[in-house]
file coords29.pdb (PDB, C-alpha atoms)
ATOM      1  CA  MET S   1      73.021 -16.177  -8.846  1.00  0.00           C
ATOM      2  CA  ALA S   2      70.006 -16.110 -11.167  1.00  0.00           C
ATOM      3  CA  ARG S   3      70.370 -14.283 -14.438  1.00  0.00           C
ATOM      4  CA  GLY S   4      68.421 -11.025 -14.739  1.00  0.00           C
ATOM      5  CA  PRO S   5      65.058 -10.893 -16.508  1.00  0.00           C
ATOM      6  CA  GLY S   6      64.316 -10.133 -20.136  1.00  0.00           C
ATOM      7  CA  LEU S   7      62.877  -6.689 -20.847  1.00  0.00           C
ATOM      8  CA  SER S   8      60.598  -5.751 -23.738  1.00  0.00           C
ATOM      9  CA  LEU S   9      59.374  -2.264 -24.635  1.00  0.00           C
ATOM     10  CA  GLN S  10      56.711  -1.572 -27.216  1.00  0.00           C
ATOM     11  CA  ILE S  11      56.004   2.147 -27.019  1.00  0.00           C
ATOM     12  CA  ALA S  12      53.183   3.004 -29.410  1.00  0.00           C
ATOM     13  CA  GLU S  13      53.392   6.662 -28.429  1.00  0.00           C
ATOM     14  CA  LYS S  14      54.853   8.867 -25.724  1.00  0.00           C
ATOM     15  CA  ARG S  15      53.931  12.517 -25.923  1.00  0.00           C
ATOM     16  CA  PHE S  16      54.410  15.455 -23.566  1.00  0.00           C
ATOM     17  CA  ALA S  17      51.581  17.947 -23.172  1.00  0.00           C
ATOM     18  CA  GLY S  18      51.918  20.850 -25.583  1.00  0.00           C
ATOM     19  CA  SER S  19      54.388  19.075 -27.888  1.00  0.00           C
ATOM     20  CA  ALA S  20      53.633  19.164 -31.597  1.00  0.00           C
ATOM     21  CA  GLU S  21      55.337  15.804 -32.122  1.00  0.00           C
ATOM     22  CA  PRO S  22      55.481  12.756 -29.849  1.00  0.00           C
ATOM     23  CA  LEU S  23      58.779  11.930 -28.234  1.00  0.00           C
ATOM     24  CA  PHE S  24      58.416   8.248 -29.223  1.00  0.00           C
ATOM     25  CA  ARG S  25      56.224   6.555 -31.783  1.00  0.00           C
ATOM     26  CA  ASP S  26      56.328   2.835 -32.550  1.00  0.00           C
ATOM     27  CA  LEU S  27      59.559   2.348 -30.609  1.00  0.00           C
ATOM     28  CA  ARG S  28      60.488  -1.269 -29.892  1.00  0.00           C
ATOM     29  CA  LEU S  29      63.383  -2.419 -27.741  1.00  0.00           C
ATOM     30  CA  ASP S  30      64.305  -5.766 -26.215  1.00  0.00           C
ATOM     31  CA  VAL S  31      66.973  -6.476 -23.606  1.00  0.00           C
ATOM     32  CA  ALA S  32      68.036 -10.119 -23.399  1.00  0.00           C
ATOM     33  CA  PRO S  33      68.259 -11.706 -19.939  1.00  0.00           C
ATOM     34  CA  GLY S  34      71.558 -10.904 -18.259  1.00  0.00           C
ATOM     35  CA  SER S  35      72.723  -8.520 -20.984  1.00  0.00           C
ATOM     36  CA  VAL S  36      73.930  -4.923 -20.759  1.00  0.00           C
ATOM     37  CA  VAL S  37      72.404  -2.576 -23.332  1.00  0.00           C
ATOM     38  CA  ALA S  38      73.615   1.022 -23.636  1.00  0.00           C
ATOM     39  CA  VAL S  39      71.394   3.795 -25.001  1.00  0.00           C
ATOM     40  CA  LEU S  40      73.038   6.842 -26.537  1.00  0.00           C
ATOM     41  CA  GLY S  41      71.822   9.923 -28.369  1.00  0.00           C
ATOM     42  CA  PRO S  42      71.715  13.723 -28.188  1.00  0.00           C
ATOM     43  CA  SER S  43      70.248  15.629 -25.259  1.00  0.00           C
ATOM     44  CA  GLY S  44      66.473  15.762 -25.392  1.00  0.00           C
ATOM     45  CA  VAL S  45      66.048  12.661 -27.522  1.00  0.00           C
ATOM     46  CA  GLY S  46      64.367  10.774 -24.683  1.00  0.00           C
ATOM     47  CA  LYS S  47      67.055   8.567 -23.137  1.00  0.00           C
ATOM     48  CA  SER S  48      66.177   9.369 -19.514  1.00  0.00           C
ATOM     49  CA  THR S  49      62.461   9.282 -20.283  1.00  0.00           C
ATOM     50  CA  LEU S  50      62.921   5.733 -21.559  1.00  0.00           C
ATOM     51  CA  LEU S  51      64.311   4.703 -18.160  1.00  0.00           C
ATOM     52  CA  ARG S  52      61.489   6.455 -16.344  1.00  0.00           C
ATOM     53  CA  LEU S  53      58.942   4.546 -18.416  1.00  0.00           C
ATOM     54  CA  VAL S  54      60.579   1.219 -17.556  1.00  0.00           C
ATOM     55  CA  ALA S  55      60.768   2.152 -13.867  1.00  0.00           C
ATOM     56  CA  GLY S  56      57.095   3.146 -13.783  1.00  0.00           C
ATOM     57  CA  ILE S  57      57.951   6.692 -12.712  1.00  0.00           C
ATOM     58  CA  ASP S  58      56.232   7.933 -15.889  1.00  0.00           C
ATOM     59  CA  ARG S  59      53.146   5.954 -16.954  1.00  0.00           C
ATOM     60  CA  ALA S  60      51.686   8.448 -19.419  1.00  0.00           C
ATOM     61  CA  PHE S  61      52.244   6.504 -22.634  1.00  0.00           C
ATOM     62  CA  SER S  62      50.469   4.059 -24.872  1.00  0.00           C
ATOM     63  CA  GLY S  63      52.005   0.653 -25.411  1.00  0.00           C
ATOM     64  CA  ALA S  64      53.365  -2.118 -23.224  1.00  0.00           C
ATOM     65  CA  ILE S  65      56.466  -2.800 -21.139  1.00  0.00           C
ATOM     66  CA  THR S  66      57.059  -6.336 -19.913  1.00  0.00           C
ATOM     67  CA  ILE S  67      59.679  -7.861 -17.628  1.00  0.00           C
ATOM     68  CA  ASP S  68      60.112 -11.588 -18.084  1.00  0.00           C
ATOM     69  CA  GLY S  69      56.864 -11.587 -20.028  1.00  0.00           C
ATOM     70  CA  ARG S  70      54.860  -9.961 -17.237  1.00  0.00           C
ATOM     71  CA  PRO S  71      53.527  -6.390 -17.247  1.00  0.00           C
ATOM     72  CA  ALA S  72      56.181  -4.208 -15.619  1.00  0.00           C
ATOM     73  CA  ARG S  73      53.751  -3.049 -12.911  1.00  0.00           C
ATOM     74  CA  GLU S  74      53.422  -6.675 -11.737  1.00  0.00           C
ATOM     75  CA  ALA S  75      57.158  -7.446 -11.744  1.00  0.00           C
ATOM     76  CA  ALA S  76      59.755  -6.777  -9.063  1.00  0.00           C
ATOM     77  CA  PRO S  77      60.764  -3.108  -9.245  1.00  0.00           C
ATOM     78  CA  PRO S  78      64.011  -2.380 -11.082  1.00  0.00           C
ATOM     79  CA  GLY S  79      66.971  -0.789  -9.369  1.00  0.00           C
ATOM     80  CA  PHE S  80      67.565   2.797 -10.531  1.00  0.00           C
ATOM     81  CA  VAL S  81      70.884   4.666 -10.417  1.00  0.00           C
ATOM     82  CA  PHE S  82      70.285   8.367 -11.050  1.00  0.00           C
ATOM     83  CA  GLN S  83      72.737  10.980 -12.323  1.00  0.00           C
ATOM     84  CA  ASP S  84      73.563  11.911  -8.732  1.00  0.00           C
ATOM     85  CA  ALA S  85      73.567   9.781  -5.599  1.00  0.00           C
ATOM     86  CA  ARG S  86      70.304  11.184  -4.137  1.00  0.00           C
ATOM     87  CA  LEU S  87      71.016   9.893  -0.643  1.00  0.00           C
ATOM     88  CA  LEU S  88      68.876  11.167   2.225  1.00  0.00           C
ATOM     89  CA  PRO S  89      71.301  12.912   4.602  1.00  0.00           C
ATOM     90  CA  TRP S  90      69.459  11.917   7.782  1.00  0.00           C
ATOM     91  CA  LEU S  91      69.711   8.189   6.987  1.00  0.00           C
ATOM     92  CA  THR S  92      72.743   5.934   7.267  1.00  0.00           C
ATOM     93  CA  ALA S  93      74.056   4.029   4.264  1.00  0.00           C
ATOM     94  CA  ALA S  94      71.978   1.014   5.336  1.00  0.00           C
ATOM     95  CA  GLY S  95      68.964   3.255   5.852  1.00  0.00           C
ATOM     96  CA  ASN S  96      69.293   4.599   2.328  1.00  0.00           C
ATOM     97  CA  LEU S  97      69.378   1.034   1.002  1.00  0.00           C
ATOM     98  CA  ARG S  98      66.092   0.356   2.798  1.00  0.00           C
ATOM     99  CA  LEU S  99      64.422   3.099   0.772  1.00  0.00           C
ATOM    100  CA  ALA S 100      64.496   0.596  -2.094  1.00  0.00           C
ATOM    101  CA  ALA S 101      64.019  -2.544   0.014  1.00  0.00           C
ATOM    102  CA  PRO S 102      62.197  -1.804   3.312  1.00  0.00           C
ATOM    103  CA  ASP S 103      62.609  -5.355   4.638  1.00  0.00           C
ATOM    104  CA  LEU S 104      66.383  -5.407   4.140  1.00  0.00           C
ATOM    105  CA  ASP S 105      68.120  -6.826   7.214  1.00  0.00           C
ATOM    106  CA  GLU S 106      71.527  -5.784   8.524  1.00  0.00           C
ATOM    107  CA  ALA S 107      73.348  -8.811   7.120  1.00  0.00           C
ATOM    108  CA  ARG S 108      72.032  -8.250   3.594  1.00  0.00           C
ATOM    109  CA  ALA S 109      72.778  -4.509   3.814  1.00  0.00           C
ATOM    110  CA  GLU S 110      76.366  -5.284   4.788  1.00  0.00           C
ATOM    111  CA  GLN S 111      76.612  -7.809   1.947  1.00  0.00           C
ATOM    112  CA  LEU S 112      75.384  -5.299  -0.637  1.00  0.00           C
ATOM    113  CA  LEU S 113      77.712  -2.582   0.615  1.00  0.00           C
ATOM    114  CA  GLY S 114      80.581  -5.060   0.550  1.00  0.00           C
ATOM    115  CA  GLN S 115      79.716  -5.871  -3.063  1.00  0.00           C
ATOM    116  CA  VAL S 116      80.384  -2.242  -3.995  1.00  0.00           C
ATOM    117  CA  GLY S 117      83.543  -1.983  -1.895  1.00  0.00           C
ATOM    118  CA  LEU S 118      82.063  -0.379   1.220  1.00  0.00           C
ATOM    119  CA  SER S 119      82.363  -3.089   3.841  1.00  0.00           C
ATOM    120  CA  GLY S 120      81.816  -1.656   7.310  1.00  0.00           C
ATOM    121  CA  ALA S 121      80.074   1.487   6.057  1.00  0.00           C
ATOM    122  CA  ALA S 122      76.474   0.529   6.903  1.00  0.00           C
ATOM    123  CA  GLY S 123      76.277   2.912   9.860  1.00  0.00           C
ATOM    124  CA  LEU S 124      77.867   5.918   8.145  1.00  0.00           C
ATOM    125  CA  TYR S 125      75.883   8.976   7.085  1.00  0.00           C
ATOM    126  CA  PRO S 126      76.256  10.622   3.646  1.00  0.00           C
ATOM    127  CA  ARG S 127      78.215  13.521   5.174  1.00  0.00           C
ATOM    128  CA  GLN S 128      80.823  10.968   6.270  1.00  0.00           C
ATOM    129  CA  LEU S 129      81.225   9.603   2.745  1.00  0.00           C
ATOM    130  CA  SER S 130      83.136  10.995  -0.208  1.00  0.00           C
ATOM    131  CA  GLY S 131      81.339  11.673  -3.471  1.00  0.00           C
ATOM    132  CA  GLY S 132      82.621   8.420  -4.919  1.00  0.00           C
ATOM    133  CA  MET S 133      81.494   6.477  -1.859  1.00  0.00           C
ATOM    134  CA  GLN S 134      78.036   8.031  -2.108  1.00  0.00           C
ATOM    135  CA  ARG S 135      77.814   6.816  -5.729  1.00  0.00           C
ATOM    136  CA  ARG S 136      78.672   3.332  -4.487  1.00  0.00           C
ATOM    137  CA  VAL S 137      75.884   3.461  -1.904  1.00  0.00           C
ATOM    138  CA  ALA S 138      73.501   4.513  -4.687  1.00  0.00           C
ATOM    139  CA  LEU S 139      74.557   1.473  -6.702  1.00  0.00           C
ATOM    140  CA  ALA S 140      74.080  -0.819  -3.691  1.00  0.00           C
ATOM    141  CA  ARG S 141      70.613   0.703  -3.225  1.00  0.00           C
ATOM    142  CA  ALA S 142      69.784  -0.156  -6.848  1.00  0.00           C
ATOM    143  CA  LEU S 143      70.812  -3.758  -6.209  1.00  0.00           C
ATOM    144  CA  ALA S 144      68.788  -4.005  -2.994  1.00  0.00           C
ATOM    145  CA  PRO S 145      65.354  -4.866  -4.479  1.00  0.00           C
ATOM    146  CA  GLY S 146      66.877  -8.013  -5.973  1.00  0.00           C
ATOM    147  CA  GLY S 147      64.754  -8.047  -9.133  1.00  0.00           C
ATOM    148  CA  GLY S 148      67.794  -8.411 -11.365  1.00  0.00           C
ATOM    149  CA  LEU S 149      67.045  -5.375 -13.566  1.00  0.00           C
ATOM    150  CA  LEU S 150      69.225  -2.264 -13.279  1.00  0.00           C
ATOM    151  CA  LEU S 151      68.534   1.121 -14.881  1.00  0.00           C
ATOM    152  CA  LEU S 152      71.495   3.519 -14.944  1.00  0.00           C
ATOM    153  CA  ASP S 153      71.021   7.139 -15.993  1.00  0.00           C
ATOM    154  CA  GLU S 154      74.357   8.780 -16.884  1.00  0.00           C
ATOM    155  CA  PRO S 155      76.174   7.282 -13.866  1.00  0.00           C
ATOM    156  CA  PHE S 156      79.474   8.994 -14.762  1.00  0.00           C
ATOM    157  CA  VAL S 157      78.192  12.527 -15.259  1.00  0.00           C
ATOM    158  CA  SER S 158      80.202  15.185 -13.360  1.00  0.00           C
ATOM    159  CA  LEU S 159      82.861  12.651 -12.269  1.00  0.00           C
ATOM    160  CA  ASP S 160      86.532  13.376 -12.853  1.00  0.00           C
ATOM    161  CA  ARG S 161      88.458  10.899 -15.001  1.00  0.00           C
ATOM    162  CA  ALA S 162      89.986   8.970 -12.106  1.00  0.00           C
ATOM    163  CA  LEU S 163      86.661   8.524 -10.335  1.00  0.00           C
ATOM    164  CA  ALA S 164      84.904   7.626 -13.595  1.00  0.00           C
ATOM    165  CA  ASP S 165      87.527   4.947 -14.253  1.00  0.00           C
ATOM    166  CA  ASP S 166      86.974   3.606 -10.739  1.00  0.00           C
ATOM    167  CA  MET S 167      83.215   3.459 -11.340  1.00  0.00           C
ATOM    168  CA  HIS S 168      83.746   1.734 -14.693  1.00  0.00           C
ATOM    169  CA  GLN S 169      85.661  -1.066 -12.995  1.00  0.00           C
ATOM    170  CA  LEU S 170      83.116  -1.317 -10.194  1.00  0.00           C
ATOM    171  CA  LEU S 171      80.235  -1.620 -12.657  1.00  0.00           C
ATOM    172  CA  ARG S 172      82.064  -4.250 -14.695  1.00  0.00           C
ATOM    173  CA  ASP S 173      82.528  -6.285 -11.523  1.00  0.00           C
ATOM    174  CA  VAL S 174      78.925  -5.803 -10.376  1.00  0.00           C
ATOM    175  CA  PHE S 175      77.497  -6.691 -13.787  1.00  0.00           C
ATOM    176  CA  ALA S 176      79.576  -9.860 -13.874  1.00  0.00           C
ATOM    177  CA  SER S 177      78.784 -10.969 -10.311  1.00  0.00           C
ATOM    178  CA  SER S 178      75.080 -10.094 -10.324  1.00  0.00           C
ATOM    179  CA  GLN S 179      74.306 -11.247 -13.883  1.00  0.00           C
ATOM    180  CA  ALA S 180      71.764  -8.420 -13.913  1.00  0.00           C
ATOM    181  CA  SER S 181      69.979  -7.202 -17.007  1.00  0.00           C
ATOM    182  CA  VAL S 182      71.053  -3.597 -17.493  1.00  0.00           C
ATOM    183  CA  LEU S 183      69.782  -0.602 -19.437  1.00  0.00           C
ATOM    184  CA  LEU S 184      72.527   2.039 -19.330  1.00  0.00           C
ATOM    185  CA  VAL S 185      71.967   5.592 -20.582  1.00  0.00           C
ATOM    186  CA  THR S 186      75.137   7.470 -21.474  1.00  0.00           C
ATOM    187  CA  HIS S 187      76.249  10.273 -23.785  1.00  0.00           C
ATOM    188  CA  ASP S 188      79.735   8.782 -24.192  1.00  0.00           C
ATOM    189  CA  PRO S 189      80.363   6.005 -26.772  1.00  0.00           C
ATOM    190  CA  LEU S 190      83.431   4.933 -24.785  1.00  0.00           C
ATOM    191  CA  ASP S 191      81.225   4.109 -21.791  1.00  0.00           C
ATOM    192  CA  ALA S 192      79.075   1.917 -24.014  1.00  0.00           C
ATOM    193  CA  ALA S 193      82.083   0.267 -25.647  1.00  0.00           C
ATOM    194  CA  GLN S 194      83.595  -0.627 -22.266  1.00  0.00           C
ATOM    195  CA  LEU S 195      80.485  -1.738 -20.386  1.00  0.00           C
ATOM    196  CA  ALA S 196      77.785  -2.926 -22.785  1.00  0.00           C
ATOM    197  CA  ASP S 197      77.106  -6.025 -24.835  1.00  0.00           C
ATOM    198  CA  ARG S 198      75.057  -3.975 -27.280  1.00  0.00           C
ATOM    199  CA  ALA S 199      74.502  -0.280 -27.923  1.00  0.00           C
ATOM    200  CA  LEU S 200      71.592   1.627 -29.414  1.00  0.00           C
ATOM    201  CA  VAL S 201      71.823   5.170 -30.774  1.00  0.00           C
ATOM    202  CA  LEU S 202      68.586   7.154 -30.698  1.00  0.00           C
ATOM    203  CA  GLY S 203      67.919  10.080 -32.994  1.00  0.00           C
ATOM    204  CA  GLY S 204      65.238  11.980 -34.815  1.00  0.00           C
ATOM    205  CA  GLY S 205      61.842  13.200 -33.754  1.00  0.00           C
ATOM    206  CA  PRO S 206      59.939  11.105 -32.929  1.00  0.00           C
ATOM    207  CA  ALA S 207      63.011   9.294 -31.656  1.00  0.00           C
ATOM    208  CA  ARG S 208      63.943   6.056 -33.353  1.00  0.00           C
ATOM    209  CA  ILE S 209      66.822   3.598 -33.150  1.00  0.00           C
ATOM    210  CA  GLN S 210      69.315   4.811 -35.746  1.00  0.00           C
ATOM    211  CA  LYS S 211      72.063   2.332 -34.883  1.00  0.00           C
ATOM    212  CA  ASP S 212      71.929  -1.057 -33.175  1.00  0.00           C
ATOM    213  CA  VAL S 213      75.451  -2.393 -32.629  1.00  0.00           C
ATOM    214  CA  ALA S 214      76.295  -5.691 -30.924  1.00  0.00           C
ATOM    215  CA  PHE S 215      79.788  -6.134 -29.476  1.00  0.00           C
ATOM    216  CA  PRO S 216      80.890  -9.737 -30.107  1.00  0.00           C
ATOM    217  CA  ILE S 217      83.902  -9.763 -27.757  1.00  0.00           C
ATOM    218  CA  GLY S 218      83.051 -10.119 -24.065  1.00  0.00           C
ATOM    219  CA  ARG S 219      83.451  -7.116 -21.791  1.00  0.00           C
ATOM    220  CA  ALA S 220      86.294  -8.673 -19.794  1.00  0.00           C
ATOM    221  CA  GLU S 221      88.312  -9.445 -22.940  1.00  0.00           C
ATOM    222  CA  ARG S 222      88.278  -5.987 -24.544  1.00  0.00           C
ATOM    223  CA  ASP S 223      91.528  -4.058 -24.674  1.00  0.00           C
ATOM    224  CA  GLY S 224      91.842  -0.333 -25.269  1.00  0.00           C
ATOM    225  CA  SER S 225      92.147  -0.697 -29.030  1.00  0.00           C
ATOM    226  CA  LEU S 226      88.992  -2.784 -29.287  1.00  0.00           C
ATOM    227  CA  VAL S 227      87.070  -0.395 -27.044  1.00  0.00           C
ATOM    228  CA  ARG S 228      88.043   2.517 -29.305  1.00  0.00           C
ATOM    229  CA  ASN S 229      87.025   0.510 -32.357  1.00  0.00           C
ATOM    230  CA  TYR S 230      83.615  -0.260 -30.891  1.00  0.00           C
ATOM    231  CA  ALA S 231      83.175   3.378 -29.858  1.00  0.00           C
ATOM    232  CA  SER S 232      83.957   4.497 -33.406  1.00  0.00           C
ATOM    233  CA  GLN S 233      81.064   2.386 -34.667  1.00  0.00           C
ATOM    234  CA  LEU S 234      78.788   4.504 -32.495  1.00  0.00           C
ATOM    235  CA  GLY S 235      80.090   7.776 -33.820  1.00  0.00           C
ATOM    236  CA  ALA S 236      82.945   8.610 -31.409  1.00  0.00           C
TER
END
call {"tool": "encode", "arguments": {"input": "coords29.pdb", "output": "structure tokens"}}
result
Amino acid sequence: MARGPGLSLQIAEKRFAGSAEPLFRDLRLDVAPGSVVAVLGPSGVGKSTLLRLVAGIDRAFSGAITIDGRPAREAAPPGFVFQDARLLPWLTAAGNLRLAAPDLDEARAEQLLGQVGLSGAAGLYPRQLSGGMQRRVALARALAPGGGLLLLDEPFVSLDRALADDMHQLLRDVFASSQASVLLVTHDPLDAAQLADRALVLGGGPARIQKDVAFPIGRAERDGSLVRNYASQLGA
């Protein structure tokens, strides 16, 4: 499978109406093709806004965002995993996937659902799925556009420990099999230390990158001790 695209952000300024200070000023960030970059920082620093800018949900900024060297608006849309599943209850699992990829056929829908451990679930409605299964459908929906860029906004929020551990393993598998480029927002340094190749810590106002930490040992080779060590470098 093709490696995901490179991503480059050059945000000259992002300001909300009525704010005395901009949220971002002269913020630069690059994501290498096929890499997983985690973004951490306190609430309100702009982590989720950063994802919305990349996704094109928020276009009120000055600067440039490129995907594989092309303006983001001209590139294939990224897949977006929100803090909750956001499935439409009147659509089946396959129908919810088609919200992101309208031309998706049944075979591809089944393949994507199988990739997240939901083989045979294409015809099920959200009410027939557990919370964890709904999160898996949301991940499959993010993969459906096929652009190779995934944006994940706090994907473990509100999950109990067992379900969060299950999602960690699922994401590790999906990242490895898809070779996607990933921008992962999280508040937990342990999430970053387990899942990312590199982690950025935002802080200040306007927000800036206060720490930029690369993890030299591959994700699959990290044991618990190494994960804790990497997390400590991020302030855990």
call {"tool": "atom_distance", "arguments": {"input": "coords29.pdb", "atom1": "atom CA of Arg59 of chain S", "atom2": "atom CA of Leu184 of chain S"}}
result
19.9 Å
call {"tool": "atom_distance", "arguments": {"input": "coords29.pdb", "atom1": "atom CA of Tyr230 of chain S", "atom2": "atom CA of Leu40 of chain S"}}
result
13.5 Å
call {"tool": "closest_residue", "arguments": {"input": "coords29.pdb", "among": "S:Ala72, S:Val213, S:Val81, S:Ala207", "to": "Gly44 of chain S", "atoms": "only C-alpha atoms"}}
result
S:Ala207
call {"tool": "residues_around", "arguments": {"input": "coords29.pdb", "residues": "Ala107 of chain S", "least_positions_apart": "5", "cutoff": "12 Å", "atoms": "all atoms listed in the file", "output": "list in words"}}
result
Ala94, Leu112, Leu113, Gly114, Ser119, Gly120 and Ala122 of chain S
call {"tool": "residues_around", "arguments": {"input": "coords29.pdb", "residues": "Thr66 of chain S", "least_positions_apart": "4", "cutoff": "8 Å", "atoms": "only C-alpha atoms", "output": "MDAnalysis selection string"}}
result
chainID S and resid 7:9 70:72
call {"tool": "residues_around", "arguments": {"input": "coords29.pdb", "residues": "Leu118 of chain S", "least_positions_apart": "5", "cutoff": "10 Å", "atoms": "only C-alpha atoms", "output": "PyMOL selection string"}}
result
chain S and resi 93+110-113+133-134+136-137+140
call {"tool": "resolve_selection", "arguments": {"input": "coords29.pdb", "expression": "the PyMOL selection byres ((chain S and resi 148-153) around 7)", "output": "list in words"}}
result
Gly4, Pro5, Ser48, Leu51, Pro78, Gly79, Phe80, Val81, Phe82, Gln83, Ala142, Gly146, Gly147, Glu154, Pro155, Ala180, Ser181, Val182, Leu183, Leu184, Val185 and Thr186 of chain S
call {"tool": "closest_residue", "arguments": {"input": "coords29.pdb", "among": "S:Arg28, S:Arg161, S:Arg141, S:Arg52", "to": "Ala109 of chain S", "atoms": "all atoms listed in the file"}}
result
S:Arg141
call {"tool": "closest_residue", "arguments": {"input": "coords29.pdb", "among": "S:Gly235, S:Pro189, S:Pro77, S:Gly117", "to": "Ala144 of chain S", "atoms": "all atoms listed in the file"}}
result
S:Pro77
call {"tool": "atom_distance", "arguments": {"input": "coords29.pdb", "atom1": "atom CA of Leu87 of chain S", "atom2": "atom CA of Phe156 of chain S"}}
result
16.5 Å
call {"tool": "closest_residue", "arguments": {"input": "coords29.pdb", "among": "S:Ile57, S:Val36, S:Ala231, S:Leu226", "to": "Ser178 of chain S", "atoms": "all atoms listed in the file"}}
result
S:Val36
call {"tool": "resolve_selection", "arguments": {"input": "coords29.pdb", "expression": "the PyMOL selection byres ((chain S and resi 193) around 6)", "output": "ChimeraX atom specification"}}
result
/S:190-192,194-195,227,230-231
call {"tool": "resolve_selection", "arguments": {"input": "coords29.pdb", "expression": "the PyMOL selection byres ((chain S and resi 199) around 8)", "output": "PDB file with C-alpha atoms, in the frame of the given file"}}
result
ATOM      1  CA  VAL S  37      72.404  -2.576 -23.332  1.00  0.00           C
ATOM      2  CA  ALA S  38      73.615   1.022 -23.636  1.00  0.00           C
ATOM      3  CA  VAL S  39      71.394   3.795 -25.001  1.00  0.00           C
ATOM      4  CA  LEU S  40      73.038   6.842 -26.537  1.00  0.00           C
ATOM      5  CA  ALA S 192      79.075   1.917 -24.014  1.00  0.00           C
ATOM      6  CA  ALA S 193      82.083   0.267 -25.647  1.00  0.00           C
ATOM      7  CA  ALA S 196      77.785  -2.926 -22.785  1.00  0.00           C
ATOM      8  CA  ASP S 197      77.106  -6.025 -24.835  1.00  0.00           C
ATOM      9  CA  ARG S 198      75.057  -3.975 -27.280  1.00  0.00           C
ATOM     10  CA  LEU S 200      71.592   1.627 -29.414  1.00  0.00           C
ATOM     11  CA  VAL S 201      71.823   5.170 -30.774  1.00  0.00           C
ATOM     12  CA  LYS S 211      72.063   2.332 -34.883  1.00  0.00           C
ATOM     13  CA  ASP S 212      71.929  -1.057 -33.175  1.00  0.00           C
ATOM     14  CA  VAL S 213      75.451  -2.393 -32.629  1.00  0.00           C
ATOM     15  CA  ALA S 214      76.295  -5.691 -30.924  1.00  0.00           C
ATOM     16  CA  LEU S 234      78.788   4.504 -32.495  1.00  0.00           C
TER      17      LEU S 234
END
call {"tool": "closest_residue", "arguments": {"input": "coords29.pdb", "among": "S:Arg208, S:Arg172, S:Arg127, S:Lys14", "to": "Leu88 of chain S", "atoms": "all atoms listed in the file"}}
result
S:Arg127
call {"tool": "closest_residue", "arguments": {"input": "coords29.pdb", "among": "S:Leu170, S:Leu27, S:Trp90, S:Leu163", "to": "Leu124 of chain S", "atoms": "only C-alpha atoms"}}
result
S:Trp90
call {"tool": "residues_around", "arguments": {"input": "coords29.pdb", "residues": "Glu13 of chain S", "least_positions_apart": "5", "cutoff": "7 Å", "atoms": "only C-alpha atoms", "output": "list in words"}}
result
Pro22, Phe24, Arg25, Asp26, Phe61, Ser62 and Gly63 of chain S
call {"tool": "decode", "arguments": {"input": "coords29.pdb", "residues": "segment 9-20 of chain S", "atoms": "N, CA and C atoms", "output": "mmCIF file, in the first residue's frame"}}
result
data_model
loop_
_atom_site.group_PDB
_atom_site.id
_atom_site.type_symbol
_atom_site.label_atom_id
_atom_site.label_comp_id
_atom_site.auth_asym_id
_atom_site.auth_seq_id
_atom_site.Cartn_x
_atom_site.Cartn_y
_atom_site.Cartn_z
ATOM 1 N N LEU S 9 2.380 22.680 7.314
ATOM 2 C CA LEU S 9 1.562 23.795 7.777
ATOM 3 C C LEU S 9 2.452 25.009 8.014
ATOM 4 N N GLN S 10 2.050 26.111 7.436
ATOM 5 C CA GLN S 10 2.698 27.391 7.696
ATOM 6 C C GLN S 10 1.586 28.379 8.026
ATOM 7 N N ILE S 11 1.282 28.496 9.301
ATOM 8 C CA ILE S 11 0.179 29.331 9.759
ATOM 9 C C ILE S 11 0.745 30.690 10.160
ATOM 10 N N ALA S 12 0.565 31.688 9.290
ATOM 11 C CA ALA S 12 1.041 33.025 9.621
ATOM 12 C C ALA S 12 0.249 33.586 10.796
ATOM 13 N N GLU S 13 -1.071 33.405 10.747
ATOM 14 C CA GLU S 13 -1.895 33.849 11.878
ATOM 15 C C GLU S 13 -3.261 33.172 11.829
ATOM 16 N N LYS S 14 -3.712 32.768 12.995
ATOM 17 C CA LYS S 14 -5.082 32.287 13.187
ATOM 18 C C LYS S 14 -5.637 33.025 14.398
ATOM 19 N N ARG S 15 -6.708 33.745 14.174
ATOM 20 C CA ARG S 15 -7.288 34.558 15.235
ATOM 21 C C ARG S 15 -8.798 34.354 15.259
ATOM 22 N N PHE S 16 -9.364 34.274 16.455
ATOM 23 C CA PHE S 16 -10.814 34.221 16.601
ATOM 24 C C PHE S 16 -11.342 35.629 16.835
ATOM 25 N N ALA S 17 -12.514 35.910 16.320
ATOM 26 C CA ALA S 17 -13.109 37.235 16.464
ATOM 27 C C ALA S 17 -13.235 37.598 17.946
ATOM 28 N N GLY S 18 -12.825 38.811 18.275
ATOM 29 C CA GLY S 18 -12.926 39.288 19.643
ATOM 30 C C GLY S 18 -11.749 38.951 20.529
ATOM 31 N N SER S 19 -10.802 38.132 20.020
ATOM 32 C CA SER S 19 -9.637 37.760 20.830
ATOM 33 C C SER S 19 -8.573 38.837 20.747
ATOM 34 N N ALA S 20 -7.992 39.164 21.900
ATOM 35 C CA ALA S 20 -6.931 40.168 21.933
ATOM 36 C C ALA S 20 -5.664 39.657 21.265
#
